[in-house]
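Novice: Pasting a structure below so you can have a look.
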Amino acid sequence: MNFDRLRFVAERAEVGERREAILAVTIPERPGSFREFIALVGNRSITEFNYRYAGADAAHIFVGIQVGGRQETAEILAELKRRRIEAFDLTDNEMAKLHVRHLVGGHAPAAENEIVYRFEFPERPGALARFLDSMSAGWNISLFHYRNHGADYGRVLVGMQVPPGDKAEFRRFLDRLGYDYVDETRNPAYRMFLGR
């Protein structure tokens, strides 16, 4: 068995034992809505997050959340519904688990001033919240991909719309954050498959 196969087995074990809920959620497309969604999730670990800017109205996210069982998944869905946030449980959806999670994305012609960075987040509660709380409230996240692979750090790809006049502030944000990063804005894979 190779490591890719082992990762597949581990992912299926989490879902099969109901320790991970896979949800499709629609949130408003505006700066701060990602942070608000993470606050709703509370202290639960995010195991996966896939998102790509698609338009000015709504953001569709594919998210994995560590849960204690079906009842906790139902509680999360009820809380989202109570707050008028559309959400669907994809935990038992084979197409979503095998294919859709890898296809969330595409070009985003309306994502102006987008820059793309690859980060290594510490694999501990609060790392994502720290990232979101540290960035300027005026910057919009236009792309976000993360999947927990059981390492001591998480590999995260983030696209942000940062106005050209904010470049110095963005560099200060990177310095304060302290996470390892690589600028991928000129990466041909990004430009060919995800860029404007």
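Quick note on naming: the chains in the structure tokens go A, B, ... in the order shown, residues restart at 1 in each chain, and ligands are numbered from 1 in order of appearance.
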Please provide as a short mmCIF file (atom, residue, chain, number, x, y, z; two decimals) with N, CA, C and O atoms, in the first residue's frame all residues within 12 Å of segment 106-118 of chain A, with the sequence filter that same-chain residues fewer than 5 positions apart are discarded (counting only C-alpha atoms).

Specialist:
```cif
data_model
loop_
_atom_site.label_atom_id
_atom_site.label_comp_id
_atom_site.auth_asym_id
_atom_site.auth_seq_id
_atom_site.Cartn_x
_atom_site.Cartn_y
_atom_site.Cartn_z
N GLU A 29 -21.18 36.40 -0.70
CA GLU A 29 -19.87 36.72 -1.28
C GLU A 29 -19.52 38.15 -0.90
O GLU A 29 -19.90 39.10 -1.57
N ASN A 50 -12.82 23.91 0.38
CA ASN A 50 -12.61 24.21 -1.04
C ASN A 50 -13.56 25.32 -1.45
O ASN A 50 -14.77 25.23 -1.22
N TYR A 51 -13.01 26.34 -2.09
CA TYR A 51 -13.82 27.47 -2.51
C TYR A 51 -13.12 28.20 -3.65
O TYR A 51 -11.90 28.32 -3.66
N ARG A 52 -13.92 28.68 -4.61
CA ARG A 52 -13.40 29.52 -5.68
C ARG A 52 -14.43 30.59 -6.00
O ARG A 52 -15.62 30.28 -6.15
N TYR A 53 -13.99 31.83 -6.06
CA TYR A 53 -14.87 32.95 -6.40
C TYR A 53 -15.60 32.66 -7.70
O TYR A 53 -14.98 32.27 -8.70
N ALA A 54 -16.93 32.85 -7.69
CA ALA A 54 -17.71 32.59 -8.90
C ALA A 54 -18.55 33.78 -9.31
O ALA A 54 -18.95 33.87 -10.46
N GLY A 55 -18.85 34.67 -8.42
CA GLY A 55 -19.67 35.83 -8.75
C GLY A 55 -19.82 36.74 -7.56
O GLY A 55 -19.33 36.44 -6.47
N ALA A 56 -20.53 37.84 -7.76
CA ALA A 56 -20.61 38.87 -6.74
C ALA A 56 -21.67 38.62 -5.67
O ALA A 56 -21.74 39.35 -4.69
N ASP A 57 -22.52 37.61 -5.84
CA ASP A 57 -23.64 37.43 -4.92
C ASP A 57 -23.42 36.39 -3.84
O ASP A 57 -23.59 36.66 -2.66
N TRP A 139 -9.85 42.98 2.24
CA TRP A 139 -9.38 42.01 1.25
C TRP A 139 -10.37 40.86 1.16
O TRP A 139 -10.80 40.31 2.17
N ASN A 140 -10.72 40.49 -0.04
CA ASN A 140 -11.67 39.41 -0.26
C ASN A 140 -10.91 38.12 -0.59
O ASN A 140 -10.03 38.12 -1.43
N ILE A 141 -11.27 37.03 0.08
CA ILE A 141 -10.70 35.73 -0.28
C ILE A 141 -11.43 35.23 -1.51
O ILE A 141 -12.66 35.11 -1.50
N SER A 142 -10.70 34.96 -2.57
CA SER A 142 -11.30 34.54 -3.84
C SER A 142 -11.03 33.08 -4.15
O SER A 142 -11.63 32.52 -5.08
N LEU A 143 -10.14 32.44 -3.41
CA LEU A 143 -9.83 31.03 -3.60
C LEU A 143 -9.29 30.51 -2.27
O LEU A 143 -8.51 31.19 -1.61
N PHE A 144 -9.73 29.30 -1.90
CA PHE A 144 -9.20 28.71 -0.68
C PHE A 144 -9.27 27.21 -0.83
O PHE A 144 -10.33 26.65 -1.12
N HIS A 145 -8.14 26.55 -0.67
CA HIS A 145 -8.13 25.08 -0.71
C HIS A 145 -7.26 24.55 0.42
O HIS A 145 -6.10 24.95 0.58
N TYR A 146 -7.85 23.64 1.20
CA TYR A 146 -7.15 23.00 2.31
C TYR A 146 -7.73 21.60 2.49
O TYR A 146 -8.93 21.41 2.39
N GLY A 154 -0.65 22.19 7.79
CA GLY A 154 -1.61 22.05 6.71
C GLY A 154 -1.16 22.83 5.50
O GLY A 154 -0.68 23.96 5.62
N ARG A 155 -1.31 22.24 4.34
CA ARG A 155 -0.98 22.92 3.08
C ARG A 155 -2.22 23.64 2.58
O ARG A 155 -3.27 23.03 2.37
N VAL A 156 -2.10 24.95 2.41
CA VAL A 156 -3.25 25.78 2.07
C VAL A 156 -2.90 26.66 0.87
O VAL A 156 -1.83 27.26 0.83
N LEU A 157 -3.81 26.71 -0.10
CA LEU A 157 -3.66 27.62 -1.23
C LEU A 157 -4.74 28.69 -1.08
O LEU A 157 -5.92 28.37 -0.92
N VAL A 158 -4.32 29.96 -1.09
CA VAL A 158 -5.25 31.07 -0.85
C VAL A 158 -5.10 32.10 -1.96
O VAL A 158 -4.00 32.53 -2.28
N GLY A 159 -6.24 32.50 -2.52
CA GLY A 159 -6.29 33.63 -3.44
C GLY A 159 -6.97 34.78 -2.73
O GLY A 159 -7.98 34.57 -2.04
N MET A 160 -6.41 35.98 -2.84
CA MET A 160 -7.00 37.15 -2.20
C MET A 160 -7.00 38.31 -3.19
O MET A 160 -6.06 38.46 -3.96
N GLN A 161 -8.04 39.11 -3.11
CA GLN A 161 -8.10 40.31 -3.92
C GLN A 161 -7.54 41.45 -3.07
O GLN A 161 -8.19 41.92 -2.13
N VAL A 162 -6.32 41.83 -3.41
CA VAL A 162 -5.61 42.87 -2.65
C VAL A 162 -5.33 44.03 -3.60
O VAL A 162 -4.58 43.87 -4.57
N PRO A 163 -5.92 45.20 -3.36
CA PRO A 163 -5.68 46.35 -4.23
C PRO A 163 -4.19 46.68 -4.31
O PRO A 163 -3.46 46.51 -3.32
N PRO A 164 -3.71 47.15 -5.47
CA PRO A 164 -2.29 47.45 -5.63
C PRO A 164 -1.75 48.39 -4.55
O PRO A 164 -0.61 48.25 -4.12
N GLY A 165 -2.55 49.32 -4.07
CA GLY A 165 -2.11 50.25 -3.03
C GLY A 165 -1.91 49.60 -1.67
O GLY A 165 -1.36 50.22 -0.76
N ASP A 166 -2.36 48.36 -1.51
CA ASP A 166 -2.24 47.65 -0.22
C ASP A 166 -1.06 46.68 -0.17
O ASP A 166 -0.95 45.90 0.77
N LYS A 167 -0.18 46.70 -1.16
CA LYS A 167 0.91 45.72 -1.22
C LYS A 167 1.82 45.79 0.01
O LYS A 167 2.22 44.77 0.56
N PHE A 170 0.04 44.27 2.84
CA PHE A 170 0.00 42.82 2.67
C PHE A 170 1.32 42.18 3.12
O PHE A 170 1.32 41.15 3.79
N ARG A 171 2.44 42.81 2.79
CA ARG A 171 3.75 42.27 3.23
C ARG A 171 3.85 42.28 4.75
O ARG A 171 4.38 41.34 5.36
N LEU A 174 1.93 39.34 6.09
CA LEU A 174 2.69 38.09 5.97
C LEU A 174 3.74 37.98 7.07
O LEU A 174 3.92 36.90 7.67
N TYR A 179 3.60 32.42 9.16
CA TYR A 179 3.47 31.12 8.51
C TYR A 179 4.38 31.09 7.28
O TYR A 179 4.55 32.10 6.60
N ASP A 180 4.96 29.92 6.99
CA ASP A 180 5.74 29.79 5.76
C ASP A 180 4.82 29.99 4.56
O ASP A 180 3.66 29.55 4.58
N TYR A 181 5.34 30.66 3.52
CA TYR A 181 4.50 30.93 2.35
C TYR A 181 5.34 31.01 1.09
O TYR A 181 6.56 31.23 1.14
N VAL A 182 4.67 30.84 -0.05
CA VAL A 182 5.28 30.99 -1.37
C VAL A 182 4.29 31.75 -2.24
O VAL A 182 3.10 31.39 -2.28
N ASP A 183 4.75 32.78 -2.94
CA ASP A 183 3.90 33.51 -3.88
C ASP A 183 3.73 32.65 -5.14
O ASP A 183 4.70 32.34 -5.82
N GLU A 184 2.50 32.26 -5.44
CA GLU A 184 2.21 31.41 -6.60
C GLU A 184 1.47 32.16 -7.71
O GLU A 184 1.00 31.55 -8.66
N THR A 185 1.40 33.48 -7.61
CA THR A 185 0.63 34.27 -8.55
C THR A 185 1.10 34.08 -9.99
O THR A 185 0.28 34.12 -10.92
N ARG A 186 2.39 33.86 -10.19
CA ARG A 186 2.90 33.68 -11.56
C ARG A 186 3.07 32.21 -11.94
O ARG A 186 3.59 31.90 -13.01
N ASN A 187 2.64 31.31 -11.09
CA ASN A 187 2.75 29.88 -11.36
C ASN A 187 1.90 29.54 -12.59
O ASN A 187 0.73 29.89 -12.66
N PRO A 188 2.49 28.85 -13.60
CA PRO A 188 1.72 28.56 -14.81
C PRO A 188 0.48 27.69 -14.56
O PRO A 188 -0.51 27.82 -15.27
N ALA A 189 0.50 26.83 -13.55
CA ALA A 189 -0.68 26.01 -13.25
C ALA A 189 -1.84 26.90 -12.80
O ALA A 189 -2.99 26.70 -13.20
N TYR A 190 -1.53 27.90 -11.98
CA TYR A 190 -2.56 28.85 -11.55
C TYR A 190 -3.07 29.64 -12.74
O TYR A 190 -4.28 29.76 -12.97
N ARG A 191 -2.15 30.18 -13.52
CA ARG A 191 -2.53 31.05 -14.64
C ARG A 191 -3.36 30.30 -15.67
O ARG A 191 -4.31 30.83 -16.23
N MET A 192 -3.05 29.04 -15.90
CA MET A 192 -3.74 28.26 -16.92
C MET A 192 -5.13 27.79 -16.46
O MET A 192 -6.08 27.81 -17.23
N PHE A 193 -5.24 27.36 -15.22
CA PHE A 193 -6.47 26.71 -14.79
C PHE A 193 -7.33 27.52 -13.81
O PHE A 193 -8.51 27.23 -13.64
N LEU A 194 -6.76 28.50 -13.12
CA LEU A 194 -7.50 29.20 -12.07
C LEU A 194 -7.54 30.71 -12.24
O LEU A 194 -8.41 31.37 -11.66
N GLY A 195 -6.60 31.29 -12.96
CA GLY A 195 -6.48 32.74 -13.06
C GLY A 195 -7.60 33.39 -13.85
O GLY A 195 -8.49 32.73 -14.38
N ARG A 196 -7.52 34.69 -13.95
CA ARG A 196 -8.56 35.47 -14.65
C ARG A 196 -8.59 35.18 -16.12
O ARG A 196 -7.78 34.91 -16.81
#
```

Novice: Set the distance at 12 Å and use only C-alpha atoms: which residues neighbour Pro125 of chain A once local chain neighbours fewer than 5 positions away are removed? I'd like the list as a ChimeraX atom specification.

Specialist: /A:38,41-47,66,130-131,152-154

Novice: Using only C-alpha atoms, which residues sit within 10 Å of Val67 of chain A once same-chain residues fewer than 2 positions away are excluded, as a PyMOL selection string?

Specialist: chain A and resi 14-15+17-21+44-46+64-65+69-73+76

Novice: Could you tell me which of A:Phe173, A:Phe49, A:Val25, A:Gly150 comes closest to Ala137 of chain A if we count only C-alpha atoms?

Specialist: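 Checking each candidate against Ala137 of chain A, we get A:Phe173 as the closest.
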
Novice: Out of A:Ala87, A:Ile27, A:Val63, A:Leu177, which residue has the shortest atom-to-atom distance to Glu48 of chain A when counting only C-alpha atoms?

Specialist: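 Smallest distance to Glu48 of chain A is found for A:Val63.
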
Novice: From chain A, collect each residue whose DSSP state is helix (DSSP H, G or I) and return the set as a PyMOL selection string.

Specialist: chain A and resi 3-16+33-41+70-82+94-103+127-134+164-177+188-193

Novice: Under the rule that only C-alpha atoms are counted, which of A:Asn148, A:Ser33, A:Thr91, A:Thr26 is the nearest residue to Glu123 of chain A?

Specialist: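 Of the candidates, the smallest distance to Glu123 of chain A is held by A:Asn148.
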
Novice: In Å, how far is it from atom CA of Pro31 of chain A to atom CA of Gly126 of chain A?

Specialist: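 Between these atoms lies a distance of 19.3 Å.
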